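Structure first, then comments.
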Amino acid sequence: MAELEGFEFGKSDFVLLDEVTMEQFLENLKLRFEKGRIYTFIGEVVVSVNPYRQMDVYGKDAIDAYRGRELYENPPHLYAVADAAYKAMKRRAKDTCIVISGESGAGKTEASKYIMQYIAAITNPSQRAEVESVKNVLLKSNCVLEAFGNAKTNRNDNSSRFGKYMDINFNFNGDPTGGHINNYLLEKVGIIQLLRGGSDELLKSLHLSKDPTDYTYTSPGASSSSDDRSCHRAVMGALKVIGFSEEEVSSVYKILSTILHLGNLHFETDGESVQVVGGDSVRHISELTDTEPESVNKALLYRTVATGGGEVIEKGHSEQEASYGRDAFAKALYERLFAWIVGRINSVIEVKNYNPALHGKNTVIGVLDIYGFEIFDNNSFEQFCINYCNEKLQQLFIELILRQEQEEYHREGITWQHIDYFNNQIIVDLVEQPHKGIISILDEACLTAGKVTDTVCLDSMNHKLGQHPHYTSRKLNPTDKSMEFHRHFRIRHYAGDVTYSVEGFLDKNKDPLFQDFKRLMYNSSDPVLKEMWPDGQLSITEVTKRPLTAATLFKNSIIALVDKLACKEPYYVRCIKPNEVKSPMLFDDARCRHQVAYLGLLENVRVRRAGFAYRQPYERFLQRYKMTCEYTWPNHLMSSDREAVEAIVVQHGFEGDVAYGHTKLFVRTPRSLFTLEQERAALIPILVLFLQKVWRGALARMRCRQMRAIYKVMGCYKRYKVKAHFWEVERRFASVRNMTDYGKSVEWPTPPAALMQFHKITQHLHRRWRARQIVKNIPPSDMAEVRAKVAALGALSGERLDWGFNRAWERDYLANARDCPLTSSNFVRITKELKNKDQYSQVLFSGFVRMLNWFNNTKDRALLITDKHIYRLEPKKHFKVQKRIPIETVSTTQTCVYVPALPFSNLSLSRRIKQAIFVTGLLD
């Protein structure tokens, strides 16, 4: 809608201006530019102002906001017109096109890239690999074409020096299946990226240096501040994605290098002949083009001419002719390289083997990024062609806009009001009319035998076009001192008067390339280079028909382009350059006034407003303004939306300012719409407050119901989890009584938080039950040892890893030959003697121990405990008895005790005593 952004940002649609004047147009454009609103509608046309800064309006969120929406549902944007073109193509199966125009530096190329990115983003939601591949090639082709077709100029750091029209083919699903690129009028370009971005090894193989100032053709642009190295990597990556082979990329490098070396060739006159200065460059050119050095030298210095009798002679060049031929050859090399690259991309992206019967209708969206109208201080042949192109596009623009308006009025049953507008067909005829137009006069001059100069051609134009209202020259108007005699002529274009300098017109119009260069390149051993020069296969005697001139070729291509656009539903992006210093803050009124004039924007607004400035489907109009009428709010009870809209119009007294179509309401003046908008704006806060109150109450009730439901679900869920845990435990432990390990290997299920304590108790019960089952199977004779081990476990748990629980406790270890193989025999003899002497019944314990005194000194001793005495023995003296203590005199409070020879040095003395007593089995 018109006021989506608010009144403080101006009018988002120029159609809604109070008065259609240049002053109001510029005032609205300036206000929106200063507020950061770089896009504005004129109906379905988008006016774009270059912001000269990064704008955060192109991300994924913006794409989602415009996807599938109508133009009036969101603020003006490139995405809006791109989506409108895509919807028209997909919904109605109509071919559409987006025409982007504006002068150099106005942002046309960037606009085309954003449109391509948007189309790529909204297509192929299923991520089919073949469609993604097509999208990648289409997007990467922009990078390659910019690298070879753009250059730094005085007005733009990355100016497109060619016109580009890309057709994108879509299948019945709306997914891209391919495309085709047409290019128009390539101008001079730069090759600095190769020098600054190429590796040292690559440059060495091409006989180049990194400094652009070393080469005549790149020296003017050597001060470029762009990141050529990263751009070079991006282009190489794009070429790989598109499908260029390594051999083809190598040939491209060689051709670019050849052009650089050609620029450094110089000629000097040696007597009557002309010689090439510097033989190294000729050798390098020969090597890079896979030709013979003699052939290169001969093509540079001589021209082969066929006489009328069929005889072939060689004519030597003058120094000027040689330089002229060298430059023409370099330019032709680059033109053919660029055309070959475009053709190579087309061979990859063009739709192949498409059968409408099998695949459905193939629809097209065309994107035209072409140079805008140019008026310089010195306007030459290129500006003449560019401005002629814009005349053709302007003619198409006016015709299609008027036709669309007329078709809509006819479709809606509204009486059409005739609109007077400037018909620039008279200017188009001035340029392209057969036998009388400027292009025909130029071609005639180029075909005339003898020395025909630019001045002679100007005289011919003055003679044939002297009565034309849109043509003049100094000869026809001697009092106009802004033009010079024999040099200037002026055309009164729709965008303003342009004075052209006729100097160089004829040279630029005719084919300046000698046939010798064509044959030289065709005979190259490089297959890529040979492919670019098919016309070189003709011998000098076969070349009888002169090729078409540059102006005629350009005229034919523009006529074909206009015919192609005329059969599609057009959408327009008009780009404006706000200033010449690339400032994001400066808005040059005079500069913008000139662009608004030659882009025909005011005329576009007048055409749009000539009948009715605003039109909207009844349903949409009612949805927006129904709150302004008591009979339609909140919902009407009438038989149709049209009757409800009539009720709104009658209540506000707009009957004389509207017309009712079959499906739309047409409003003649913006003032009626502004009245509705103001009343709507006043009612919105009241409605918002009411809706907020109702909605907050609804939210509170919803939250209350949700909380109740949550607690109920939580209770049921907890009970279910408890029962499920019980069932799972029962299932897992159902047969543990019959298992060999009584369920030790069974993994316990993770309990819910509410059963964590119960889970621990259950595990403890199971362990006790399992222990009881195991103990039941132990013979009574082993129970004493089991009790001893349990006591040792209680004393040593956590203090010592290995305390012998895995082995049987034999007690009399010193008598065991396995434990003491060297001393067991002596110990057995001593125990027999002690038994005979002390009359004890059994040995309770024997083993090596370490004696510890109060000063922390230790001594190795042996300990023998019987049922009557405790003996301290000296192992080194054949177990001589050092001390004998009656066992009944030993108690736990005794301060001196013999500790087993175990690593207990870090334990307290009392703990050692207790452990010694437990280990020896003295305590039950």
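Lettering and numbering for the structure tokens are positional, with chains as A, B, ... in the shown order, residues counted from 1 in each chain, and ligands counted from 1 in the shown order.
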
Residues near segment 51-53 of chain A, anyone? I mean within 12 Å using only C-alpha atoms, not counting same-chain ones fewer than 4 positions away, as a tab-separated table (two decimals) with all heavy atoms, in the first residue's frame.
chain	number	residue	atom	x	y	z
A	30	LYS	N	14.50	13.18	-2.87
A	30	LYS	CA	15.57	13.60	-1.96
A	30	LYS	C	15.25	13.19	-0.53
A	30	LYS	O	16.12	12.70	0.20
A	30	LYS	CB	15.78	15.11	-2.06
A	30	LYS	CG	16.90	15.64	-1.19
A	30	LYS	CD	17.09	17.13	-1.39
A	30	LYS	CE	18.24	17.66	-0.55
A	30	LYS	NZ	18.43	19.13	-0.74
A	32	ARG	N	13.37	10.74	0.59
A	32	ARG	CA	13.51	9.30	0.76
A	32	ARG	C	14.98	8.87	0.74
A	32	ARG	O	15.39	7.97	1.47
A	32	ARG	CB	12.72	8.56	-0.32
A	32	ARG	CG	11.21	8.74	-0.17
A	32	ARG	CD	10.44	7.94	-1.20
A	32	ARG	NE	10.67	6.51	-1.09
A	32	ARG	CZ	10.12	5.73	-0.18
A	32	ARG	NH1	9.31	6.24	0.73
A	32	ARG	NH2	10.37	4.44	-0.16
A	33	PHE	N	15.79	9.51	-0.10
A	33	PHE	CA	17.22	9.21	-0.14
A	33	PHE	C	17.88	9.55	1.20
A	33	PHE	O	18.67	8.76	1.74
A	33	PHE	CB	17.88	10.01	-1.27
A	33	PHE	CG	19.38	9.89	-1.31
A	33	PHE	CD1	20.00	8.72	-1.72
A	33	PHE	CD2	20.19	10.95	-0.92
A	33	PHE	CE1	21.38	8.61	-1.75
A	33	PHE	CE2	21.56	10.86	-0.95
A	33	PHE	CZ	22.16	9.69	-1.37
A	34	GLU	N	17.55	10.70	1.76
A	34	GLU	CA	18.14	11.12	3.04
A	34	GLU	C	17.67	10.24	4.19
A	34	GLU	O	18.37	10.09	5.19
A	34	GLU	CB	17.80	12.58	3.31
A	34	GLU	CG	18.49	13.55	2.35
A	34	GLU	CD	18.01	14.99	2.52
A	34	GLU	OE1	16.97	15.17	3.20
A	34	GLU	OE2	18.66	15.91	1.98
A	35	LYS	N	16.48	9.66	4.07
A	35	LYS	CA	15.95	8.79	5.11
A	35	LYS	C	16.36	7.33	4.91
A	35	LYS	O	15.92	6.45	5.64
A	35	LYS	CB	14.41	8.86	5.14
A	35	LYS	CG	13.85	10.21	5.55
A	35	LYS	CD	14.03	10.47	7.03
A	35	LYS	CE	13.31	11.75	7.45
A	35	LYS	NZ	13.46	11.99	8.91
A	36	GLY	N	17.22	7.08	3.92
A	36	GLY	CA	17.68	5.72	3.68
A	36	GLY	C	16.71	4.86	2.91
A	36	GLY	O	16.84	3.64	2.89
A	37	ARG	N	15.70	5.47	2.27
A	37	ARG	CA	14.74	4.74	1.44
A	37	ARG	C	15.14	4.93	-0.02
A	37	ARG	O	14.76	5.92	-0.64
A	37	ARG	CB	13.31	5.23	1.67
A	37	ARG	CG	12.80	5.06	3.10
A	37	ARG	CD	12.93	3.62	3.55
A	37	ARG	NE	12.18	3.32	4.75
A	37	ARG	CZ	12.68	3.35	5.98
A	37	ARG	NH1	13.93	3.73	6.16
A	37	ARG	NH2	11.94	3.01	7.02
A	38	ILE	N	15.91	4.00	-0.54
A	38	ILE	CA	16.49	4.20	-1.88
A	38	ILE	C	15.57	3.71	-2.98
A	38	ILE	O	15.86	3.92	-4.17
A	38	ILE	CB	17.86	3.49	-1.99
A	38	ILE	CG1	17.71	1.98	-1.78
A	38	ILE	CG2	18.83	4.09	-0.99
A	38	ILE	CD1	18.98	1.20	-2.05
A	39	TYR	N	14.45	3.05	-2.63
A	39	TYR	CA	13.52	2.55	-3.64
A	39	TYR	C	12.17	3.26	-3.51
A	39	TYR	O	11.68	3.48	-2.40
A	39	TYR	CB	13.32	1.04	-3.50
A	39	TYR	CG	14.58	0.24	-3.67
A	39	TYR	CD1	15.09	-0.54	-2.63
A	39	TYR	CD2	15.28	0.28	-4.86
A	39	TYR	CE1	16.25	-1.26	-2.79
A	39	TYR	CE2	16.45	-0.45	-5.03
A	39	TYR	CZ	16.93	-1.22	-3.98
A	39	TYR	OH	18.09	-1.93	-4.14
A	57	VAL	N	19.30	-4.45	3.57
A	57	VAL	CA	17.93	-4.71	3.10
A	57	VAL	C	17.89	-5.86	2.09
A	57	VAL	O	16.92	-6.00	1.36
A	57	VAL	CB	17.32	-3.44	2.45
A	57	VAL	CG1	17.11	-2.36	3.49
A	57	VAL	CG2	18.20	-2.92	1.31
A	105	GLY	N	27.17	4.21	-13.32
A	105	GLY	CA	27.35	4.50	-11.91
A	105	GLY	C	26.05	4.60	-11.14
A	105	GLY	O	26.06	4.89	-9.93
A	106	ALA	N	24.91	4.37	-11.78
A	106	ALA	CA	23.62	4.48	-11.10
A	106	ALA	C	23.24	3.21	-10.36
A	106	ALA	O	22.27	3.21	-9.61
A	106	ALA	CB	22.52	4.84	-12.10
A	107	GLY	N	23.99	2.12	-10.55
A	107	GLY	CA	23.72	0.89	-9.82
A	107	GLY	C	22.96	-0.16	-10.60
A	107	GLY	O	22.32	-1.03	-9.99
A	110	GLU	N	24.50	-3.83	-10.05
A	110	GLU	CA	24.19	-4.33	-8.71
A	110	GLU	C	22.71	-4.72	-8.62
A	110	GLU	O	22.37	-5.73	-8.01
A	110	GLU	CB	24.52	-3.26	-7.66
A	110	GLU	CG	26.00	-3.05	-7.44
A	110	GLU	CD	26.69	-4.30	-6.93
A	110	GLU	OE1	26.21	-4.88	-5.95
A	110	GLU	OE2	27.70	-4.71	-7.53
A	111	ALA	N	21.85	-3.91	-9.23
A	111	ALA	CA	20.42	-4.23	-9.21
A	111	ALA	C	20.15	-5.56	-9.91
A	111	ALA	O	19.38	-6.40	-9.41
A	111	ALA	CB	19.62	-3.11	-9.88
A	156	ASN	N	32.92	5.71	-12.80
A	156	ASN	CA	32.50	4.50	-12.11
A	156	ASN	C	33.71	3.58	-11.97
A	156	ASN	O	34.46	3.38	-12.91
A	156	ASN	CB	31.40	3.80	-12.93
A	156	ASN	CG	30.76	2.66	-12.17
A	156	ASN	OD1	31.14	2.35	-11.04
A	156	ASN	ND2	29.79	2.01	-12.78
A	157	ASP	N	33.89	3.01	-10.75
A	157	ASP	CA	35.03	2.13	-10.52
A	157	ASP	C	34.85	0.77	-11.20
A	157	ASP	O	35.83	0.08	-11.46
A	157	ASP	CB	35.23	1.91	-9.01
A	157	ASP	CG	35.77	3.15	-8.32
A	157	ASP	OD1	36.37	3.99	-9.04
A	157	ASP	OD2	35.60	3.29	-7.10
A	575	CYS	N	17.30	3.40	-12.55
A	575	CYS	CA	18.38	3.70	-11.61
A	575	CYS	C	18.84	5.15	-11.75
A	575	CYS	O	19.01	5.64	-12.87
A	575	CYS	CB	19.57	2.76	-11.83
A	575	CYS	SG	19.15	1.01	-11.57
A	576	ILE	N	19.07	5.80	-10.62
A	576	ILE	CA	19.47	7.21	-10.59
A	576	ILE	C	20.76	7.35	-9.80
A	576	ILE	O	20.91	6.74	-8.73
A	576	ILE	CB	18.36	8.09	-9.98
A	576	ILE	CG1	17.16	8.14	-10.93
A	576	ILE	CG2	18.86	9.49	-9.68
A	576	ILE	CD1	16.01	8.98	-10.42
A	577	LYS	N	21.67	8.13	-10.33
A	577	LYS	CA	22.94	8.44	-9.66
A	577	LYS	C	22.79	9.76	-8.93
A	577	LYS	O	22.62	10.80	-9.56
A	577	LYS	CB	24.04	8.52	-10.72
A	577	LYS	CG	25.43	8.70	-10.18
A	577	LYS	CD	26.42	8.66	-11.35
A	577	LYS	CE	27.84	8.78	-10.89
A	577	LYS	NZ	28.79	8.70	-12.01
A	578	PRO	N	22.84	9.78	-7.57
A	578	PRO	CA	22.53	11.02	-6.83
A	578	PRO	C	23.60	12.09	-6.90
A	578	PRO	O	23.31	13.27	-6.71
A	578	PRO	CB	22.35	10.52	-5.40
A	578	PRO	CG	23.19	9.29	-5.32
A	578	PRO	CD	23.12	8.65	-6.68
A	579	ASN	N	24.85	11.71	-7.16
A	579	ASN	CA	25.93	12.69	-7.23
A	579	ASN	C	27.11	12.09	-7.99
A	579	ASN	O	27.12	10.89	-8.26
A	579	ASN	CB	26.35	13.15	-5.82
A	579	ASN	CG	26.80	11.99	-4.95
A	579	ASN	OD1	27.88	11.45	-5.10
A	579	ASN	ND2	25.91	11.58	-4.03
A	580	GLU	N	28.09	12.92	-8.28
A	580	GLU	CA	29.24	12.48	-9.06
A	580	GLU	C	30.43	12.10	-8.19
A	580	GLU	O	31.44	11.60	-8.69
A	580	GLU	CB	29.69	13.60	-10.02
A	580	GLU	CG	28.73	13.85	-11.17
A	580	GLU	CD	28.73	12.72	-12.18
A	580	GLU	OE1	29.62	11.86	-12.10
A	580	GLU	OE2	27.84	12.71	-13.04
A	581	VAL	N	30.34	12.32	-6.86
A	581	VAL	CA	31.50	12.09	-5.98
A	581	VAL	C	31.30	10.82	-5.14
A	581	VAL	O	32.04	10.59	-4.19
A	581	VAL	CB	31.76	13.30	-5.07
A	581	VAL	CG1	32.19	14.49	-5.88
A	581	VAL	CG2	30.52	13.64	-4.24
A	582	LYS	N	30.29	10.03	-5.47
A	582	LYS	CA	30.04	8.75	-4.79
A	582	LYS	C	29.82	8.95	-3.29
A	582	LYS	O	30.29	8.16	-2.46
A	582	LYS	CB	31.17	7.76	-5.04
A	582	LYS	CG	31.47	7.51	-6.51
A	582	LYS	CD	32.63	6.56	-6.70
A	582	LYS	CE	32.91	6.33	-8.17
A	582	LYS	NZ	33.36	7.52	-8.85
A	583	SER	N	29.12	10.00	-2.91
A	583	SER	CA	28.85	10.30	-1.51
A	583	SER	C	27.51	9.73	-1.10
A	583	SER	O	26.52	9.89	-1.81
A	583	SER	CB	28.86	11.83	-1.28
A	583	SER	OG	28.33	12.14	-0.01
A	584	PRO	N	27.44	9.08	0.09
A	584	PRO	CA	26.15	8.56	0.56
A	584	PRO	C	25.24	9.63	1.15
A	584	PRO	O	24.11	9.33	1.51
A	584	PRO	CB	26.56	7.55	1.65
A	584	PRO	CG	27.86	8.06	2.15
A	584	PRO	CD	28.56	8.69	0.97
A	585	MET	N	25.72	10.89	1.23
A	585	MET	CA	24.94	11.96	1.84
A	585	MET	C	24.49	13.03	0.85
A	585	MET	O	23.49	13.71	1.07
A	585	MET	CB	25.78	12.65	2.94
A	585	MET	CG	26.33	11.69	3.99
A	585	MET	SD	25.03	10.83	4.90
A	585	MET	CE	24.31	12.22	5.77
A	586	LEU	N	25.23	13.19	-0.24
A	586	LEU	CA	24.99	14.32	-1.15
A	586	LEU	C	23.92	13.97	-2.18
A	586	LEU	O	23.98	12.92	-2.82
A	586	LEU	CB	26.30	14.71	-1.85
A	586	LEU	CG	26.22	15.86	-2.86
A	586	LEU	CD1	25.79	17.14	-2.16
A	586	LEU	CD2	27.56	16.04	-3.55
A	587	PHE	N	22.97	14.86	-2.33
A	587	PHE	CA	21.93	14.72	-3.36
A	587	PHE	C	22.02	15.95	-4.26
A	587	PHE	O	21.64	17.05	-3.88
A	587	PHE	CB	20.55	14.63	-2.70
A	587	PHE	CG	19.43	14.32	-3.67
A	587	PHE	CD1	19.09	13.02	-3.97
A	587	PHE	CD2	18.73	15.34	-4.28
A	587	PHE	CE1	18.05	12.73	-4.85
A	587	PHE	CE2	17.70	15.07	-5.16
A	587	PHE	CZ	17.36	13.76	-5.45

Inset, instruction - Find the residues near Ile648 of chain A: any atom within 10 Å, counting only C-alpha atoms, skip ones fewer than 6 places away on the same chain, and give them as a ChimeraX atom specification. - result: /A:621-622,625-632,642,654-655,676

Inset, instruction - Identify which of the residues A:Asn604, A:Thr415, A:Asn169, A:Ser257 lies closest to Ile401 of chain A, counting only C-alpha atoms when measuring atom-to-atom distances. - result: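 Result for the nearest residue to Ile401 of chain A: A:Asn604.
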
Legend entry - Distance query segment 439-449 of chain A at most 9 Å, only C-alpha atoms, self and fewer than 6 positions along chain excluded, as a list of chain:residue names: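 The filter keeps A:Leu430, A:Val431, A:Glu432, A:Gln433, A:Val456, A:Cys457, A:Ser460, A:Met461, A:Lys464, A:Phe505, A:Leu506, A:Asp507, A:Asn509, A:Lys510, A:Arg546, A:Leu548, A:Thr549, A:Ala551, A:Thr552, A:Lys555.
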
Kindly export the residues of the current selection with N, CA, C and O atoms, as a PDB file, in the first residue's frame.
ATOM      1  N   LEU A 430      14.950   9.051 -37.372  1.00  0.00           N
ATOM      2  CA  LEU A 430      16.107   9.879 -37.714  1.00  0.00           C
ATOM      3  C   LEU A 430      17.384   9.053 -37.709  1.00  0.00           C
ATOM      4  O   LEU A 430      18.275   9.259 -38.543  1.00  0.00           O
ATOM      5  N   VAL A 431      17.475   8.085 -36.818  1.00  0.00           N
ATOM      6  CA  VAL A 431      18.701   7.289 -36.699  1.00  0.00           C
ATOM      7  C   VAL A 431      18.674   6.071 -37.614  1.00  0.00           C
ATOM      8  O   VAL A 431      19.645   5.791 -38.319  1.00  0.00           O
ATOM      9  N   GLU A 432      17.540   5.344 -37.664  1.00  0.00           N
ATOM     10  CA  GLU A 432      17.574   4.024 -38.297  1.00  0.00           C
ATOM     11  C   GLU A 432      16.806   3.923 -39.609  1.00  0.00           C
ATOM     12  O   GLU A 432      16.813   2.848 -40.219  1.00  0.00           O
ATOM     13  N   GLN A 433      16.165   4.981 -40.066  1.00  0.00           N
ATOM     14  CA  GLN A 433      15.364   4.874 -41.284  1.00  0.00           C
ATOM     15  C   GLN A 433      16.241   4.505 -42.483  1.00  0.00           C
ATOM     16  O   GLN A 433      17.302   5.083 -42.693  1.00  0.00           O
ATOM     17  N   VAL A 456      33.259  14.963 -44.638  1.00  0.00           N
ATOM     18  CA  VAL A 456      32.417  14.706 -45.812  1.00  0.00           C
ATOM     19  C   VAL A 456      31.129  14.016 -45.395  1.00  0.00           C
ATOM     20  O   VAL A 456      30.043  14.340 -45.891  1.00  0.00           O
ATOM     21  N   CYS A 457      31.254  13.094 -44.464  1.00  0.00           N
ATOM     22  CA  CYS A 457      30.055  12.394 -43.962  1.00  0.00           C
ATOM     23  C   CYS A 457      29.115  13.380 -43.272  1.00  0.00           C
ATOM     24  O   CYS A 457      27.894  13.304 -43.430  1.00  0.00           O
ATOM     25  N   SER A 460      27.191  15.278 -45.752  1.00  0.00           N
ATOM     26  CA  SER A 460      26.118  14.462 -46.317  1.00  0.00           C
ATOM     27  C   SER A 460      24.905  14.432 -45.379  1.00  0.00           C
ATOM     28  O   SER A 460      23.758  14.533 -45.822  1.00  0.00           O
ATOM     29  N   MET A 461      25.148  14.357 -44.084  1.00  0.00           N
ATOM     30  CA  MET A 461      24.039  14.367 -43.111  1.00  0.00           C
ATOM     31  C   MET A 461      23.346  15.721 -43.129  1.00  0.00           C
ATOM     32  O   MET A 461      22.110  15.802 -43.060  1.00  0.00           O
ATOM     33  N   LYS A 464      21.059  15.802 -46.235  1.00  0.00           N
ATOM     34  CA  LYS A 464      19.894  14.925 -46.246  1.00  0.00           C
ATOM     35  C   LYS A 464      18.954  15.157 -45.061  1.00  0.00           C
ATOM     36  O   LYS A 464      17.765  14.856 -45.139  1.00  0.00           O
ATOM     37  N   PHE A 505      33.933   8.758 -36.341  1.00  0.00           N
ATOM     38  CA  PHE A 505      32.702   8.020 -36.596  1.00  0.00           C
ATOM     39  C   PHE A 505      32.912   6.946 -37.661  1.00  0.00           C
ATOM     40  O   PHE A 505      32.506   5.788 -37.492  1.00  0.00           O
ATOM     41  N   LEU A 506      33.553   7.297 -38.762  1.00  0.00           N
ATOM     42  CA  LEU A 506      33.699   6.354 -39.869  1.00  0.00           C
ATOM     43  C   LEU A 506      34.638   5.208 -39.494  1.00  0.00           C
ATOM     44  O   LEU A 506      34.355   4.042 -39.801  1.00  0.00           O
ATOM     45  N   ASP A 507      35.754   5.541 -38.823  1.00  0.00           N
ATOM     46  CA  ASP A 507      36.699   4.482 -38.437  1.00  0.00           C
ATOM     47  C   ASP A 507      36.058   3.499 -37.474  1.00  0.00           C
ATOM     48  O   ASP A 507      36.286   2.284 -37.551  1.00  0.00           O
ATOM     49  N   ASN A 509      32.914   2.871 -37.256  1.00  0.00           N
ATOM     50  CA  ASN A 509      31.759   2.223 -37.859  1.00  0.00           C
ATOM     51  C   ASN A 509      32.152   1.062 -38.773  1.00  0.00           C
ATOM     52  O   ASN A 509      31.500   0.025 -38.778  1.00  0.00           O
ATOM     53  N   LYS A 510      33.217   1.250 -39.544  1.00  0.00           N
ATOM     54  CA  LYS A 510      33.601   0.187 -40.459  1.00  0.00           C
ATOM     55  C   LYS A 510      34.538  -0.800 -39.771  1.00  0.00           C
ATOM     56  O   LYS A 510      35.145  -0.501 -38.757  1.00  0.00           O
ATOM     57  N   ARG A 546      31.775  -7.105 -48.265  1.00  0.00           N
ATOM     58  CA  ARG A 546      32.167  -6.335 -47.091  1.00  0.00           C
ATOM     59  C   ARG A 546      31.278  -6.720 -45.906  1.00  0.00           C
ATOM     60  O   ARG A 546      30.070  -6.895 -46.052  1.00  0.00           O
ATOM     61  N   LEU A 548      29.102  -6.292 -42.430  1.00  0.00           N
ATOM     62  CA  LEU A 548      28.222  -5.223 -41.964  1.00  0.00           C
ATOM     63  C   LEU A 548      28.984  -4.293 -41.036  1.00  0.00           C
ATOM     64  O   LEU A 548      29.881  -4.706 -40.303  1.00  0.00           O
ATOM     65  N   THR A 549      28.602  -3.025 -41.065  1.00  0.00           N
ATOM     66  CA  THR A 549      29.278  -2.039 -40.218  1.00  0.00           C
ATOM     67  C   THR A 549      28.838  -2.206 -38.765  1.00  0.00           C
ATOM     68  O   THR A 549      27.837  -2.849 -38.459  1.00  0.00           O
ATOM     69  N   ALA A 551      27.611   0.037 -36.733  1.00  0.00           N
ATOM     70  CA  ALA A 551      26.328   0.678 -36.453  1.00  0.00           C
ATOM     71  C   ALA A 551      25.164  -0.190 -36.928  1.00  0.00           C
ATOM     72  O   ALA A 551      24.148  -0.323 -36.235  1.00  0.00           O
ATOM     73  N   THR A 552      25.300  -0.806 -38.092  1.00  0.00           N
ATOM     74  CA  THR A 552      24.228  -1.658 -38.607  1.00  0.00           C
ATOM     75  C   THR A 552      24.075  -2.910 -37.760  1.00  0.00           C
ATOM     76  O   THR A 552      22.945  -3.334 -37.451  1.00  0.00           O
ATOM     77  N   LYS A 555      22.351  -1.789 -34.666  1.00  0.00           N
ATOM     78  CA  LYS A 555      20.945  -1.497 -34.931  1.00  0.00           C
ATOM     79  C   LYS A 555      20.137  -2.787 -35.045  1.00  0.00           C
ATOM     80  O   LYS A 555      19.052  -2.898 -34.458  1.00  0.00           O
TER      81      LYS A 555
END

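Of note, atom CA of Glu132 of chain A and atom CA of Val252 of chain A are spaced 26.9 Å apart.
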
Legend entry - Point-to-point distance in Å for atom CA of Trp633 of chain A and atom CA of Leu691 of chain A: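 A separation of 13.8 Å between them.
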
Legend entry - Residue among A:His77, A:Arg606, A:Lys90, A:His435 lying closest to Val20 of chain A, counting only C-alpha atoms: A:Arg606

Inset, instruction - Write out as a list in words each polymer residue whose atoms come within 6 Å of Asn124 of chain A, counting only C-alpha atoms; drop sequence neighbours fewer than 2 positions from it. - result: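 The neighbour list is Ser126, Gln127 and Asp175 of chain A.
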
Inset, instruction - Give the answer as one residue: which of A:Leu458, A:Phe338, A:Leu599, A:Asp480 has the shortest atom-to-atom distance to Tyr500 of chain A, using only C-alpha atoms? - result: A:Leu458

Legend entry - Residue contacts of Tyr614 of chain A (12 Å, only C-alpha atoms) excluding same-chain residues fewer than 5 positions away, as a PyMOL selection string: chain A and resi 1-2+13-17+42-44+72+405+605+608-609+621+657-659+664-674

Residues of the last selection are to be written out with C-alpha atoms, as a CSV table (one decimal), in the first residue's frame.
chain,number,residue,atom,x,y,z
A,1,MET,CA,0.0,0.0,0.0
A,2,ALA,CA,1.0,3.6,-0.5
A,13,ASP,CA,4.7,5.8,-4.8
A,14,PHE,CA,5.2,8.9,-7.0
A,15,VAL,CA,1.7,8.4,-8.4
A,16,LEU,CA,0.4,9.7,-5.0
A,17,LEU,CA,2.2,13.1,-5.3
A,42,ILE,CA,5.8,4.5,-9.9
A,43,GLY,CA,2.9,2.1,-10.1
A,44,GLU,CA,4.8,-1.1,-10.9
A,72,TYR,CA,1.5,-3.0,-2.5
A,405,GLU,CA,-3.2,0.9,-18.9
A,605,VAL,CA,3.8,9.3,-13.5
A,608,ARG,CA,-0.2,6.4,-14.7
A,609,ARG,CA,-2.3,9.2,-13.3
A,621,PHE,CA,-9.5,-2.0,-0.5
A,657,ASP,CA,-13.8,10.8,-7.8
A,658,VAL,CA,-14.0,7.1,-8.3
A,659,ALA,CA,-15.1,4.6,-10.9
A,664,LYS,CA,-11.3,-3.1,-8.9
A,665,LEU,CA,-12.0,0.3,-7.5
A,666,PHE,CA,-10.4,3.2,-9.4
A,667,VAL,CA,-9.6,6.4,-7.5
A,668,ARG,CA,-8.9,9.4,-9.7
A,669,THR,CA,-6.9,11.8,-7.4
A,670,PRO,CA,-4.5,11.0,-4.5
A,671,ARG,CA,-6.3,13.5,-2.2
A,672,SER,CA,-9.2,11.1,-1.8
A,673,LEU,CA,-6.8,8.3,-0.8
A,674,PHE,CA,-5.0,10.6,1.6

Legend entry - Polymer residues at most 12 Å from Ser133 of chain A, only C-alpha atoms, same-chain spacing of 4 or more positions, as a list in words: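 In the requested form, the answer reads Ala120, Asn124, Gln127, Arg128, Ala129, Val137, Leu138, Leu139, Lys140, Asp175, Pro176, Thr177, Gly178, Val241, Ile242, Gly243, Val348 and Ile349 of chain A.
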
Inset, instruction - Name the residues of segment 289-535 of chain A that fall into alpha helix (DSSP H) according to DSSP on the backbone, using the chain letters and numbers of this document, as a VMD selection string. - result: chain A and resid 289 293 to 301 319 to 349 356 to 359 381 to 412 425 to 432 438 to 447 454 to 465 505 to 509 515 to 522 527 to 532
